[in-house]
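Participant: My structure is in data-v5.csv, and what it holds is CSV, C-alpha atoms:
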chain,number,residue,atom,x,y,z
U,934,MET,CA,-111.4,30.4,-36.7
U,935,SER,CA,-112.4,32.2,-33.5
U,936,GLY,CA,-111.6,35.6,-32.0
U,937,ASN,CA,-111.1,38.9,-33.5
U,938,LEU,CA,-109.1,39.4,-36.8
U,939,PHE,CA,-107.7,42.9,-36.0
U,940,PHE,CA,-106.7,43.0,-32.3
U,941,ASP,CA,-106.1,40.8,-29.3
U,942,GLU,CA,-109.3,40.8,-27.2
U,943,ALA,CA,-107.2,39.9,-24.1
U,944,SER,CA,-105.5,43.3,-24.3
U,945,LEU,CA,-108.8,45.2,-23.6
U,946,ALA,CA,-108.5,47.2,-20.3
U,947,TYR,CA,-111.8,45.7,-19.1
U,948,ARG,CA,-114.3,43.3,-20.6
U,949,GLY,CA,-117.6,42.6,-18.7
U,950,LYS,CA,-119.8,39.6,-19.0
U,951,ASN,CA,-121.8,38.8,-22.1
U,952,VAL,CA,-119.8,41.1,-24.4
U,953,ILE,CA,-120.0,40.4,-28.2
U,954,ILE,CA,-117.4,42.0,-30.5
U,955,GLY,CA,-117.7,41.3,-34.2
U,956,LYS,CA,-114.7,39.5,-35.8
U,957,THR,CA,-114.1,42.5,-38.1
U,958,VAL,CA,-114.1,45.2,-35.4
U,959,ARG,CA,-110.8,47.2,-35.4
U,960,ILE,CA,-109.6,48.7,-32.1
U,961,ARG,CA,-106.4,50.6,-32.4
U,962,TYR,CA,-105.8,51.0,-28.7
U,963,PRO,CA,-107.5,48.1,-27.0
U,964,GLU,CA,-105.7,48.9,-23.7
U,965,LEU,CA,-107.8,52.1,-23.6
U,966,VAL,CA,-111.2,50.3,-24.0
U,967,ARG,CA,-113.4,49.4,-21.0
U,968,LEU,CA,-116.6,47.5,-21.8
U,969,GLY,CA,-119.4,46.8,-19.2
U,970,ASP,CA,-121.7,43.9,-19.2
U,971,ASN,CA,-124.0,43.1,-22.1
U,972,VAL,CA,-122.2,45.2,-24.7
U,973,ILE,CA,-122.3,44.5,-28.4
U,974,ILE,CA,-120.0,46.0,-31.0
U,975,ASP,CA,-121.0,45.0,-34.5
U,976,ASP,CA,-118.7,44.2,-37.4
U,977,PHE,CA,-116.9,46.8,-39.5
U,978,THR,CA,-116.7,49.2,-36.6
U,979,TYR,CA,-113.4,51.2,-36.2
U,980,ILE,CA,-112.3,52.6,-32.8
U,981,SER,CA,-109.1,54.7,-32.5
U,982,THR,CA,-109.7,56.5,-29.2
U,983,ALA,CA,-110.3,55.6,-25.5
U,984,LEU,CA,-113.7,54.1,-25.0
U,985,GLU,CA,-115.8,53.5,-21.9
U,986,CYS,CA,-119.1,51.6,-22.2
U,987,ASP,CA,-121.5,51.1,-19.3
U,988,ASP,CA,-123.8,48.1,-19.4
U,989,TYR,CA,-126.3,47.4,-22.2
U,990,VAL,CA,-124.6,49.5,-24.9
U,991,HIS,CA,-124.9,48.7,-28.6
U,992,ILE,CA,-122.6,50.0,-31.3
U,993,SER,CA,-124.0,49.1,-34.7
U,994,ALA,CA,-122.1,48.1,-37.8
U,995,GLY,CA,-119.8,50.5,-39.6
U,996,ALA,CA,-119.5,53.0,-36.7
U,997,LYS,CA,-116.3,55.0,-36.4
U,998,LEU,CA,-115.1,56.3,-33.0
U,999,ILE,CA,-112.0,58.5,-33.6
U,1000,GLY,CA,-109.9,60.9,-31.5
U,1001,GLY,CA,-106.6,59.2,-30.6
U,1002,ARG,CA,-105.2,58.5,-27.2
U,1003,GLN,CA,-106.0,62.0,-25.9
U,1004,ALA,CA,-109.8,61.8,-26.1
U,1005,THR,CA,-112.4,59.5,-24.6
U,1006,VAL,CA,-115.8,58.4,-25.9
U,1007,ARG,CA,-118.2,57.4,-23.1
U,1008,PHE,CA,-121.6,55.6,-23.2
U,1009,GLY,CA,-124.1,55.4,-20.4
U,1010,GLN,CA,-126.4,52.4,-19.9
U,1011,PHE,CA,-128.9,51.5,-22.6
U,1012,SER,CA,-127.3,53.8,-25.2
U,1013,THR,CA,-126.9,52.9,-28.9
U,1014,LEU,CA,-125.4,54.0,-32.2
U,1015,ALA,CA,-127.2,53.1,-35.4
U,1016,PRO,CA,-125.1,52.0,-38.4
U,1017,ASN,CA,-122.4,54.2,-39.9
U,1018,VAL,CA,-122.3,56.8,-37.1
U,1019,VAL,CA,-119.1,58.9,-36.7
U,1020,LEU,CA,-118.1,60.0,-33.2
U,1021,ALA,CA,-115.2,62.4,-33.9
U,1022,ALA,CA,-113.5,63.2,-30.6
U,1023,GLY,CA,-110.7,64.6,-32.8
U,1024,SER,CA,-111.1,67.0,-35.7
U,1025,ASP,CA,-109.2,69.3,-38.0
U,1026,ASP,CA,-110.3,72.7,-39.3
U,1027,TYR,CA,-108.9,72.0,-42.8
U,1028,VAL,CA,-107.5,75.5,-43.1
U,1029,ALA,CA,-103.9,75.3,-42.0
U,1030,GLY,CA,-101.4,72.7,-41.1
U,1031,ILE,CA,-100.8,69.1,-42.2
U,1032,ALA,CA,-104.0,67.0,-41.7
U,1033,THR,CA,-102.6,63.6,-40.9
U,1034,PRO,CA,-102.2,61.7,-37.7
U,1035,LEU,CA,-98.6,60.8,-38.8
U,1036,VAL,CA,-97.0,64.2,-38.0
U,1037,PRO,CA,-96.4,66.0,-34.7
U,1038,ARG,CA,-99.2,68.1,-33.3
U,1039,HIS,CA,-97.2,71.4,-33.7
U,1040,VAL,CA,-97.4,71.1,-37.5
U,1041,LYS,CA,-101.0,69.9,-37.7
U,1042,GLY,CA,-102.7,73.3,-37.5
U,1043,ALA,CA,-106.0,73.9,-35.7
U,1044,VAL,CA,-106.8,70.4,-34.3
U,1045,GLU,CA,-109.6,70.1,-31.8
U,1046,ILE,CA,-109.6,67.1,-29.5
U,1047,GLY,CA,-112.3,66.6,-26.8
U,1048,ASP,CA,-114.3,63.9,-25.1
U,1049,ILE,CA,-117.8,62.8,-26.3
U,1050,THR,CA,-120.2,61.6,-23.7
U,1051,LEU,CA,-123.5,59.9,-24.2
U,1052,GLY,CA,-125.6,59.7,-21.1
U,1053,ARG,CA,-128.1,56.9,-20.3
U,1054,HIS,CA,-130.8,56.0,-22.9
U,1055,CYS,CA,-129.1,58.0,-25.7
U,1056,ILE,CA,-129.5,57.2,-29.4
U,1057,VAL,CA,-127.4,58.4,-32.4
U,1058,GLY,CA,-129.2,57.8,-35.7
U,1059,ALA,CA,-127.7,56.3,-38.8
U,1060,ASN,CA,-125.1,58.2,-40.8
U,1061,SER,CA,-124.9,61.0,-38.1
U,1062,THR,CA,-121.7,62.7,-36.9
U,1063,VAL,CA,-120.9,64.0,-33.4
U,1064,MET,CA,-118.0,66.4,-33.0
U,1065,PRO,CA,-115.5,66.9,-30.1
U,1066,HIS,CA,-116.6,68.2,-26.7
U,1067,VAL,CA,-120.3,67.2,-27.2
U,1068,THR,CA,-122.3,65.7,-24.3
U,1069,PHE,CA,-125.7,64.1,-24.7
U,1070,GLY,CA,-127.8,64.5,-21.5
U,1071,ASP,CA,-129.6,61.3,-20.4
U,1072,GLY,CA,-132.2,60.3,-23.0
U,1073,ALA,CA,-131.0,62.7,-25.6
U,1074,CYS,CA,-131.3,61.5,-29.2
U,1075,LEU,CA,-129.9,62.6,-32.6
U,1076,GLY,CA,-131.9,61.7,-35.7
U,1077,ALA,CA,-130.4,60.1,-38.8
U,1078,GLN,CA,-128.0,62.0,-41.1
U,1079,SER,CA,-127.5,64.8,-38.5
U,1080,LEU,CA,-124.5,66.8,-37.2
U,1081,ALA,CA,-124.1,67.5,-33.5
U,1082,LYS,CA,-121.6,70.3,-32.8
U,1083,LYS,CA,-123.1,71.3,-29.4
U,1084,ASN,CA,-124.4,69.6,-26.3
U,1085,LEU,CA,-127.9,67.9,-26.5
U,1086,GLU,CA,-130.3,68.6,-23.7
U,1087,ALA,CA,-131.5,65.6,-21.7
U,1088,TRP,CA,-134.7,63.8,-22.9
U,1089,THR,CA,-134.9,65.6,-26.2
U,1090,LEU,CA,-134.8,64.6,-29.9
U,1091,HIS,CA,-132.5,66.6,-32.2
U,1092,ALA,CA,-132.0,66.3,-35.9
U,1093,GLY,CA,-130.5,68.3,-38.9
U,1094,VAL,CA,-127.3,69.9,-40.0
U,1095,PRO,CA,-126.5,71.4,-37.7
U,1096,ALA,CA,-128.8,69.6,-35.2
U,1097,ARG,CA,-131.6,71.5,-33.6
U,1098,LYS,CA,-134.2,70.4,-31.0
U,1099,LEU,CA,-137.3,68.9,-32.5
U,1100,ARG,CA,-139.2,67.7,-29.5
U,1101,ASP,CA,-139.1,66.2,-26.0
U,1102,ARG,CA,-138.9,62.4,-25.4
U,1103,ASP,CA,-141.1,60.4,-23.1
U,1104,ARG,CA,-138.8,60.4,-20.1
U,1105,ASP,CA,-141.4,58.9,-17.7
U,1106,GLY,CA,-142.3,56.1,-20.1
U,1107,ILE,CA,-138.7,55.2,-20.8
U,1108,VAL,CA,-137.8,55.2,-17.1
U,1109,ALA,CA,-140.8,53.1,-16.3
U,1110,LEU,CA,-139.7,50.6,-19.0
U,1111,GLU,CA,-136.2,50.5,-17.5
U,1112,ALA,CA,-137.7,49.7,-14.0
U,1113,GLN,CA,-139.8,46.9,-15.6
U,1114,PHE,CA,-136.7,45.6,-17.3
U,1115,TRP,CA,-134.7,45.5,-14.1
U,1116,LYS,CA,-137.6,43.8,-12.2
U,1117,GLU,CA,-137.9,41.1,-14.9
U,1118,THR,CA,-134.1,40.7,-15.0
U,1119,ARG,CA,-133.8,40.2,-11.3
U,1120,ASN,CA,-136.7,37.8,-11.1
U,1121,GLY,CA,-135.2,35.8,-13.9
How would this structure read if it were set down as structure tokens?
Facilitator:
Amino acid sequence: MSGNLFFDEASLAYRGKNVIIGKTVRIRYPELVRLGDNVIIDDFTYISTALECDDYVHISAGAKLIGGRQATVRFGQFSTLAPNVVLAAGSDDYVAGIATPLVPRHVKGAVEIGDITLGRHCIVGANSTVMPHVTFGDGACLGAQSLAKKNLEAWTLHAGVPARKLRDRDRDGIVALEAQFWKETRNG
């Protein structure tokens, strides 16, 4: 048996070269998914929102990217999710309304829907959650088992519940490694 078990890969909006999608990845709206070159989406991942991945993006096993048709999750080059990450581009306050996607929005209560953007060289650690309207500046990282409710400053490491800045990342070293990678890639 070949191909995906849960959606027709031919219905993706765009699929670049050297894309690997696990057989058990579930994509609810494949027509809203654009994947650049050299993207891997590991098994047991669930995607129910618009998704845009630049080149060299990795989404590890068990990730959940949710938000419906109204929100978009974006990944810059060289960004990655560790296992079991939740990117919640849609959320409910659990106080009022009916909390199910099966009813009209006017009876749902305080629903928050907003894009999530990860810049270049971003990492989200295992079992972490990112809420709607959060942007990771280039090189921003979120440690394992953390909750990001606010934007993360570029080239910083955050962790905790809620996440707070722990330290700066080695921007110059990472950018130098990227330059070396591109030089080696082009020289084949």
Participant: Restricting the calculation to all atoms listed in the file: of U:Thr1005, U:Asn1017, U:Asn1120, U:Asn1060, which residue gets closest to Ile992 of chain U?
Facilitator: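 That would be U:Asn1017, the residue with the smallest distance to Ile992 of chain U.
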Participant: Excluding Ala1096 of chain U and residues on its chain fewer than 3 positions from it, collect all residues at most 7 Å away from it, counting all atoms listed in the file, and give them as a list in words.
Facilitator: Ser1079, Leu1080, Ala1081, His1091, Ala1092 and Gly1093 of chain U
Participant: Skip Leu1085 of chain U itself and residues of its chain fewer than 5 positions away, then list as a list in words all residues within 7 Å of it, counting only C-alpha atoms.
Facilitator: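 Skipping anything fewer than 5 positions along the chain leaves Thr1068, Phe1069, Gly1070 and Ala1073 of chain U.
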Participant: Of the candidates U:Ala1087, U:Val1063, U:Ile960, U:Cys1074, which shows the shortest atom-to-atom distance to Arg1002 of chain U, using only C-alpha atoms?
Facilitator: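 Looking at the shortest contact to Arg1002 of chain U, the residue is U:Ile960.
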Participant: I'd like the neighbourhood of Ile980 of chain U as a list in words, where a residue qualifies if any of its atoms comes within 7 Å (using all atoms listed in the file), though same-chain residues fewer than 3 positions away should be ignored.
Facilitator: Arg959, Ile960, Arg961, Lys997, Leu998 and Ile999 of chain U
Participant: For a quick check of understanding, using only C-alpha atoms, which of U:Arg1119, U:Leu1075, U:Gly995, U:Ile1031 has the smallest distance to Lys1098 of chain U?
Facilitator: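 Of the candidates, the smallest distance to Lys1098 of chain U is held by U:Leu1075.
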Participant: Suppose you want the space between atom CA of Val1018 of chain U and atom CA of Leu1110 of chain U; what is it in Å?
Facilitator: 25.9 Å
Participant: Measuring between only C-alpha atoms, which one of U:Ile953, U:Gly1072, U:Lys1082, U:Val1036 shows the shortest distance to Asp1105 of chain U?
Facilitator: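 For Asp1105 of chain U, the nearest of the given residues is U:Gly1072.
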Participant: Atom CA of Val1057 of chain U to atom CA of Ser944 of chain U: how many Å, to one decimal?
Facilitator: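 Computed distance, atom CA of Val1057 of chain U to atom CA of Ser944 of chain U, equals 27.8 Å.
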Participant: What separation in Å, quoted to one decimal, exists between atom CA of Val1108 of chain U and atom CA of His1054 of chain U?
Facilitator: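 We find that atom CA of Val1108 of chain U and atom CA of His1054 of chain U lie 9.1 Å from each other.
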